[in-house]
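Single-structure report; data block below.
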Amino acid sequence: MTGVLAGKVAVITGASSGIGLAIARRFAAEGARVYLTGRRQEPLDAAVTEIGSAATGVVVDVSVQADLDRLYSVVREEAGRIDVLVANAGGGVSERLGEITEESIDITFGTNVKGTIFTVQEALPLLSEGASIVVTGSTSTERTTPGLEVYGASKAAVRNLVRSWATSAHGRKFRVNVLSPGPTETPGLVGAVGPDLGPFAAEVPLGRIGQPDEIAAVATFLASDASSFVNGADWFVDGGQAQV
């Protein structure tokens with residue numbers, strides 16, 4: 001695809017590294033003006049520098065509504081609208097039943113559920129007619145992983161939210177879909193489990209883990225007019241892991 005997002009204004013949360021950065025990079029390459037968020041200034045600045053003049057970075061913790069208000073104030077003043085919104089910021093802590101803490105529940109649901117709700121809700125006044133909303137889900141909604149029960153529950157909640165929001169698509173003139181990556185070679189995954197990703201690859205029918213650019217390619221399709229009749233769906237980009 002070449003220039004399929006030309007002239008569009010896109011907001012991508014959690015875009016200072018990994019899948020979010022790959023999406024922002026791909027969107028900019030396809031002609032979009034991109035607004036990136038991250039929780040730390042230094043990696044966010046590095047991401048903006050990498051992408052170039054098409055990118056603007058705003059430090060945001062999506063679990064803090066005031067941060068989101070500040071983000072959308074910047075977008076409103078500079079661009080006046082949002083054509084594509086990618087609610088990508090998320091995370092979780094590995095804890096098995098018997099070890100789960102109140103803090104980990106609050107952090108995981110605060111970012112993945114509360115953060116997603118307000119990322120979308122606060123953007124509504126800025127959404128252009130026909131806007132595309134992409135929410136990052138997870139294969140954890142289909143496959144149980146020991147230690148990721150709370151994370152999986154939060155992503156299942158996100159999937160259900162998108163089902164509900166999709167029924168509002170006609171009245172609000174937007175469409176919304178879930179993008180669910182499988183194991184993907186990101187700094188977050190490597191930092192959590194180490195450089196040996198072989199065990200993850202062994203669980204994937206394609207025999208390997210994904211690359212961020214592969215996830216970004218599907219995000220670009222969902223953001224583009226080519227997916228104009230796609231709404232309420234969960235797109236698994238996982239090499240078949242959750243489907244076979």
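Following the order of the structure tokens, first chain is A, next is B, and so on, with residues numbered from 1 inside each chain and ligands from 1 in the order they appear.
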
Per residue of segment 32-131 of chain A within 10 Å of segment 144-164 of chain A, record the nearest atom pair and its distance in Å to one decimal, counting only C-alpha atoms, with rows in chain order and ascending residue number, as JSON lines.
```
{"residue": "A:Gly90", "atom": "CA", "partner": "A:Lys155", "partner_atom": "CA", "distance": 9.2}
{"residue": "A:Gly91", "atom": "CA", "partner": "A:Tyr151", "partner_atom": "CA", "distance": 7.5}
{"residue": "A:Gly92", "atom": "CA", "partner": "A:Tyr151", "partner_atom": "CA", "distance": 5.4}
{"residue": "A:Val93", "atom": "CA", "partner": "A:Leu148", "partner_atom": "CA", "distance": 7.1}
{"residue": "A:Ser94", "atom": "CA", "partner": "A:Gly147", "partner_atom": "CA", "distance": 4.7}
{"residue": "A:Glu95", "atom": "CA", "partner": "A:Gly147", "partner_atom": "CA", "distance": 4.4}
{"residue": "A:Arg96", "atom": "CA", "partner": "A:Gly147", "partner_atom": "CA", "distance": 4.1}
{"residue": "A:Leu97", "atom": "CA", "partner": "A:Gly147", "partner_atom": "CA", "distance": 7.4}
{"residue": "A:Glu99", "atom": "CA", "partner": "A:Gly147", "partner_atom": "CA", "distance": 9.0}
{"residue": "A:Ile100", "atom": "CA", "partner": "A:Val150", "partner_atom": "CA", "distance": 8.2}
{"residue": "A:Ser104", "atom": "CA", "partner": "A:Val150", "partner_atom": "CA", "distance": 8.3}
{"residue": "A:Ile105", "atom": "CA", "partner": "A:Val150", "partner_atom": "CA", "distance": 6.7}
{"residue": "A:Thr108", "atom": "CA", "partner": "A:Tyr151", "partner_atom": "CA", "distance": 6.5}
{"residue": "A:Phe109", "atom": "CA", "partner": "A:Ser154", "partner_atom": "CA", "distance": 5.8}
{"residue": "A:Gly110", "atom": "CA", "partner": "A:Ser154", "partner_atom": "CA", "distance": 9.3}
{"residue": "A:Thr111", "atom": "CA", "partner": "A:Ser154", "partner_atom": "CA", "distance": 9.2}
{"residue": "A:Asn112", "atom": "CA", "partner": "A:Ser154", "partner_atom": "CA", "distance": 6.1}
{"residue": "A:Val113", "atom": "CA", "partner": "A:Ser154", "partner_atom": "CA", "distance": 6.1}
{"residue": "A:Lys114", "atom": "CA", "partner": "A:Val158", "partner_atom": "CA", "distance": 9.4}
{"residue": "A:Thr116", "atom": "CA", "partner": "A:Val158", "partner_atom": "CA", "distance": 7.5}
{"residue": "A:Ile117", "atom": "CA", "partner": "A:Leu161", "partner_atom": "CA", "distance": 8.1}
```

Residues from last step as file, all heavy atoms, as a compact mmCIF listing (two decimals), in the first residue's frame:
```txt
# COMPACT_ATOMS: atom_id res chain seq x y z
N GLY A 90 -1.15 -0.49 26.85
CA GLY A 90 -1.61 -1.60 27.69
C GLY A 90 -0.44 -2.30 28.35
O GLY A 90 0.72 -2.01 28.07
N GLY A 91 -0.76 -3.22 29.22
CA GLY A 91 0.29 -3.97 29.91
C GLY A 91 -0.32 -4.84 30.97
O GLY A 91 -1.54 -4.87 31.17
N GLY A 92 0.55 -5.55 31.67
CA GLY A 92 0.07 -6.44 32.72
C GLY A 92 1.22 -7.01 33.51
O GLY A 92 2.39 -6.89 33.12
N VAL A 93 0.89 -7.64 34.63
CA VAL A 93 1.88 -8.25 35.52
C VAL A 93 1.60 -9.73 35.59
O VAL A 93 0.44 -10.15 35.67
CB VAL A 93 1.79 -7.62 36.93
CG1 VAL A 93 2.79 -8.27 37.87
CG2 VAL A 93 2.03 -6.12 36.86
N SER A 94 2.64 -10.54 35.54
CA SER A 94 2.48 -11.99 35.60
C SER A 94 2.36 -12.44 37.06
O SER A 94 3.32 -12.37 37.83
CB SER A 94 3.68 -12.69 34.94
OG SER A 94 3.53 -14.10 35.03
N GLU A 95 1.16 -12.86 37.43
CA GLU A 95 0.89 -13.36 38.78
C GLU A 95 -0.14 -14.47 38.70
O GLU A 95 -1.20 -14.31 38.11
CB GLU A 95 0.35 -12.24 39.68
CG GLU A 95 1.35 -11.14 40.01
CD GLU A 95 0.74 -10.04 40.85
OE1 GLU A 95 -0.50 -9.90 40.84
OE2 GLU A 95 1.51 -9.33 41.51
N ARG A 96 0.17 -15.60 39.33
CA ARG A 96 -0.76 -16.72 39.36
C ARG A 96 -1.77 -16.55 40.49
O ARG A 96 -1.53 -15.79 41.44
CB ARG A 96 0.00 -18.04 39.53
CG ARG A 96 0.90 -18.40 38.36
CD ARG A 96 1.75 -19.62 38.69
NE ARG A 96 2.64 -19.98 37.60
CZ ARG A 96 2.35 -20.88 36.66
NH1 ARG A 96 1.19 -21.51 36.70
NH2 ARG A 96 3.22 -21.15 35.71
N LEU A 97 -2.88 -17.28 40.38
CA LEU A 97 -3.87 -17.28 41.44
C LEU A 97 -3.21 -17.70 42.75
O LEU A 97 -2.50 -18.71 42.81
CB LEU A 97 -5.02 -18.23 41.11
CG LEU A 97 -6.18 -18.27 42.09
CD1 LEU A 97 -6.87 -16.91 42.18
CD2 LEU A 97 -7.19 -19.35 41.70
N GLU A 99 -1.23 -15.46 44.18
CA GLU A 99 -0.18 -14.43 44.26
C GLU A 99 -0.69 -13.06 43.82
O GLU A 99 0.02 -12.06 43.94
CB GLU A 99 1.00 -14.81 43.36
CG GLU A 99 1.59 -16.17 43.65
CD GLU A 99 2.59 -16.61 42.58
OE1 GLU A 99 2.62 -15.96 41.51
OE2 GLU A 99 3.33 -17.57 42.83
N ILE A 100 -1.91 -13.02 43.28
CA ILE A 100 -2.44 -11.78 42.70
C ILE A 100 -2.62 -10.73 43.79
O ILE A 100 -3.16 -11.01 44.86
CB ILE A 100 -3.77 -12.05 41.98
CG1 ILE A 100 -3.56 -13.03 40.83
CG2 ILE A 100 -4.38 -10.76 41.46
CD1 ILE A 100 -4.85 -13.56 40.23
N SER A 104 -1.68 -4.99 41.44
CA SER A 104 -1.56 -5.45 40.06
C SER A 104 -2.90 -5.38 39.34
O SER A 104 -2.96 -5.06 38.14
CB SER A 104 -1.00 -6.88 40.01
OG SER A 104 -1.95 -7.82 40.49
N ILE A 105 -4.00 -5.68 40.04
CA ILE A 105 -5.33 -5.56 39.44
C ILE A 105 -5.60 -4.11 39.07
O ILE A 105 -6.06 -3.80 37.95
CB ILE A 105 -6.41 -6.08 40.40
CG1 ILE A 105 -6.26 -7.59 40.60
CG2 ILE A 105 -7.81 -5.76 39.86
CD1 ILE A 105 -7.18 -8.15 41.67
N THR A 108 -3.35 -3.07 36.02
CA THR A 108 -3.71 -3.72 34.77
C THR A 108 -5.06 -3.23 34.26
O THR A 108 -5.19 -2.86 33.08
CB THR A 108 -3.74 -5.25 34.95
OG1 THR A 108 -2.46 -5.70 35.39
CG2 THR A 108 -4.09 -5.94 33.64
N PHE A 109 -6.05 -3.21 35.11
CA PHE A 109 -7.37 -2.74 34.68
C PHE A 109 -7.39 -1.23 34.48
O PHE A 109 -8.13 -0.72 33.61
CB PHE A 109 -8.46 -3.18 35.67
CG PHE A 109 -9.01 -4.54 35.36
CD1 PHE A 109 -8.30 -5.69 35.68
CD2 PHE A 109 -10.23 -4.68 34.74
CE1 PHE A 109 -8.79 -6.95 35.39
CE2 PHE A 109 -10.74 -5.94 34.44
CZ PHE A 109 -10.02 -7.07 34.76
N GLY A 110 -6.57 -0.51 35.25
CA GLY A 110 -6.49 0.93 35.08
C GLY A 110 -5.99 1.32 33.71
O GLY A 110 -6.51 2.24 33.06
N THR A 111 -4.97 0.61 33.23
CA THR A 111 -4.42 0.89 31.91
C THR A 111 -5.25 0.26 30.80
O THR A 111 -5.67 0.94 29.85
CB THR A 111 -2.97 0.38 31.81
OG1 THR A 111 -2.17 1.04 32.79
CG2 THR A 111 -2.39 0.66 30.43
N ASN A 112 -5.53 -1.03 30.91
CA ASN A 112 -6.13 -1.77 29.80
C ASN A 112 -7.62 -1.51 29.63
O ASN A 112 -8.11 -1.51 28.49
CB ASN A 112 -5.90 -3.26 29.98
CG ASN A 112 -4.43 -3.63 29.94
OD1 ASN A 112 -3.58 -2.80 29.65
ND2 ASN A 112 -4.13 -4.88 30.23
N VAL A 113 -8.34 -1.31 30.71
CA VAL A 113 -9.79 -1.13 30.62
C VAL A 113 -10.18 0.34 30.80
O VAL A 113 -10.71 0.96 29.87
CB VAL A 113 -10.53 -2.02 31.63
CG1 VAL A 113 -12.04 -1.84 31.50
CG2 VAL A 113 -10.15 -3.49 31.43
N LYS A 114 -9.88 0.89 31.95
CA LYS A 114 -10.19 2.32 32.16
C LYS A 114 -9.51 3.18 31.11
O LYS A 114 -10.12 4.08 30.53
CB LYS A 114 -9.74 2.73 33.56
CG LYS A 114 -9.90 4.22 33.86
CD LYS A 114 -9.29 4.56 35.20
CE LYS A 114 -9.27 6.06 35.45
NZ LYS A 114 -8.58 6.40 36.72
N THR A 116 -8.51 2.42 28.08
CA THR A 116 -9.14 2.25 26.77
C THR A 116 -10.47 2.99 26.70
O THR A 116 -10.78 3.66 25.71
CB THR A 116 -9.33 0.76 26.47
OG1 THR A 116 -8.05 0.12 26.39
CG2 THR A 116 -10.07 0.56 25.15
N ILE A 117 -11.27 2.85 27.75
CA ILE A 117 -12.58 3.53 27.76
C ILE A 117 -12.41 5.03 27.57
O ILE A 117 -13.06 5.64 26.69
CB ILE A 117 -13.33 3.24 29.07
CG1 ILE A 117 -13.78 1.78 29.13
CG2 ILE A 117 -14.55 4.17 29.21
CD1 ILE A 117 -14.32 1.34 30.47
```

List the neighbours of Val135 of chain A out to 7 Å using only C-alpha atoms; skip same-chain residues closer than 5 positions along the sequence, and give me the result as a ChimeraX atom specification. /A:86-88,177-179

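Considering the residues A:Thr37, A:Ser63, A:Thr141, A:Thr101 and counting only C-alpha atoms, Val75 of chain A has its shortest atom-to-atom contact with A:Thr37.
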
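Nearest to Ala28 of chain A of all the residues A:Gly98, A:Gly239, A:Gly14, A:Gly3 is A:Gly3, counting only C-alpha atoms.
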
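Separating atom CA of Leu21 of chain A from atom CA of Lys173 of chain A is a distance of 27.2 Å.
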
Report the residues of segment 101-173 of chain A whose backbone DSSP state falls under strand (DSSP E or B), written as a ChimeraX atom specification. /A:127-136

Keeping only N, CA, C and O atoms, take the residues you just selected and write them out as an mmCIF file, in the first residue's frame.
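Result file again39.cif:
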```cif
data_model
loop_
_atom_site.group_PDB
_atom_site.id
_atom_site.type_symbol
_atom_site.label_atom_id
_atom_site.label_comp_id
_atom_site.auth_asym_id
_atom_site.auth_seq_id
_atom_site.Cartn_x
_atom_site.Cartn_y
_atom_site.Cartn_z
ATOM 1 N N LEU A 127 -13.679 13.009 16.532
ATOM 2 C CA LEU A 127 -13.699 11.999 15.475
ATOM 3 C C LEU A 127 -14.396 12.535 14.230
ATOM 4 O O LEU A 127 -15.507 13.066 14.293
ATOM 5 N N SER A 128 -13.748 12.356 13.101
ATOM 6 C CA SER A 128 -14.350 12.742 11.831
ATOM 7 C C SER A 128 -15.363 11.687 11.408
ATOM 8 O O SER A 128 -15.350 10.552 11.900
ATOM 9 N N GLU A 129 -16.256 12.034 10.493
ATOM 10 C CA GLU A 129 -17.223 11.059 10.001
ATOM 11 C C GLU A 129 -16.492 9.947 9.272
ATOM 12 O O GLU A 129 -15.636 10.192 8.427
ATOM 13 N N GLY A 130 -16.811 8.706 9.632
ATOM 14 C CA GLY A 130 -16.131 7.564 9.038
ATOM 15 C C GLY A 130 -14.820 7.214 9.702
ATOM 16 O O GLY A 130 -14.053 6.392 9.181
ATOM 17 N N ALA A 131 -14.543 7.792 10.863
ATOM 18 C CA ALA A 131 -13.288 7.523 11.561
ATOM 19 C C ALA A 131 -13.159 6.038 11.907
ATOM 20 O O ALA A 131 -14.156 5.345 12.145
ATOM 21 N N SER A 132 -11.916 5.579 11.944
ATOM 22 C CA SER A 132 -11.623 4.194 12.318
ATOM 23 C C SER A 132 -10.972 4.167 13.692
ATOM 24 O O SER A 132 -9.986 4.860 13.939
ATOM 25 N N ILE A 133 -11.553 3.361 14.593
ATOM 26 C CA ILE A 133 -10.973 3.144 15.918
ATOM 27 C C ILE A 133 -10.432 1.720 15.962
ATOM 28 O O ILE A 133 -11.151 0.766 15.623
ATOM 29 N N VAL A 134 -9.192 1.590 16.353
ATOM 30 C CA VAL A 134 -8.560 0.278 16.492
ATOM 31 C C VAL A 134 -8.124 0.125 17.943
ATOM 32 O O VAL A 134 -7.399 0.973 18.472
ATOM 33 N N VAL A 135 -8.573 -0.941 18.589
ATOM 34 C CA VAL A 135 -8.237 -1.194 19.983
ATOM 35 C C VAL A 135 -7.366 -2.447 20.044
ATOM 36 O O VAL A 135 -7.730 -3.483 19.470
ATOM 37 N N THR A 136 -6.236 -2.347 20.706
ATOM 38 C CA THR A 136 -5.343 -3.499 20.794
ATOM 39 C C THR A 136 -5.852 -4.486 21.836
ATOM 40 O O THR A 136 -6.028 -4.141 23.010
#
```

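Residues of segment 204-236 of chain A that DSSP places in helix (DSSP H, G or I), based on the backbone of this structure, are Pro212, Asp213, Glu214, Ile215, Ala216, Ala217, Val218, Ala219, Thr220, Phe221, Leu222, Ala223, Asp225, Ala226 and Ser227 of chain A.
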
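Minimum atom-to-atom distance to Pro43 of chain A, evaluated using only C-alpha atoms, belongs to A:Pro187 out of A:Ala123, A:Val237, A:Leu5, A:Pro187.
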
Write out as a PyMOL selection string the residues lying within 7 Å of segment 217-221 of chain A, counting only C-alpha atoms and excluding same-chain residues fewer than 5 positions away. chain A and resi 23+27+226-227

When you count only C-alpha atoms, which of these residues is closest to Ser73 of chain A: A:Leu126, A:Ile209, A:Ala55, A:Val34? A:Leu126

Residues near Ile51 of chain A, cut-off 8 Å, only C-alpha atoms, skip fewer than 3 positions along chain, as a ChimeraX atom specification: /A:24-25,28,47-48,54-55

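Minimum distance to Ala89 of chain A across A:Leu44, A:Ile12, A:Leu71, A:Ala29 (counting only C-alpha atoms) occurs at A:Ile12.
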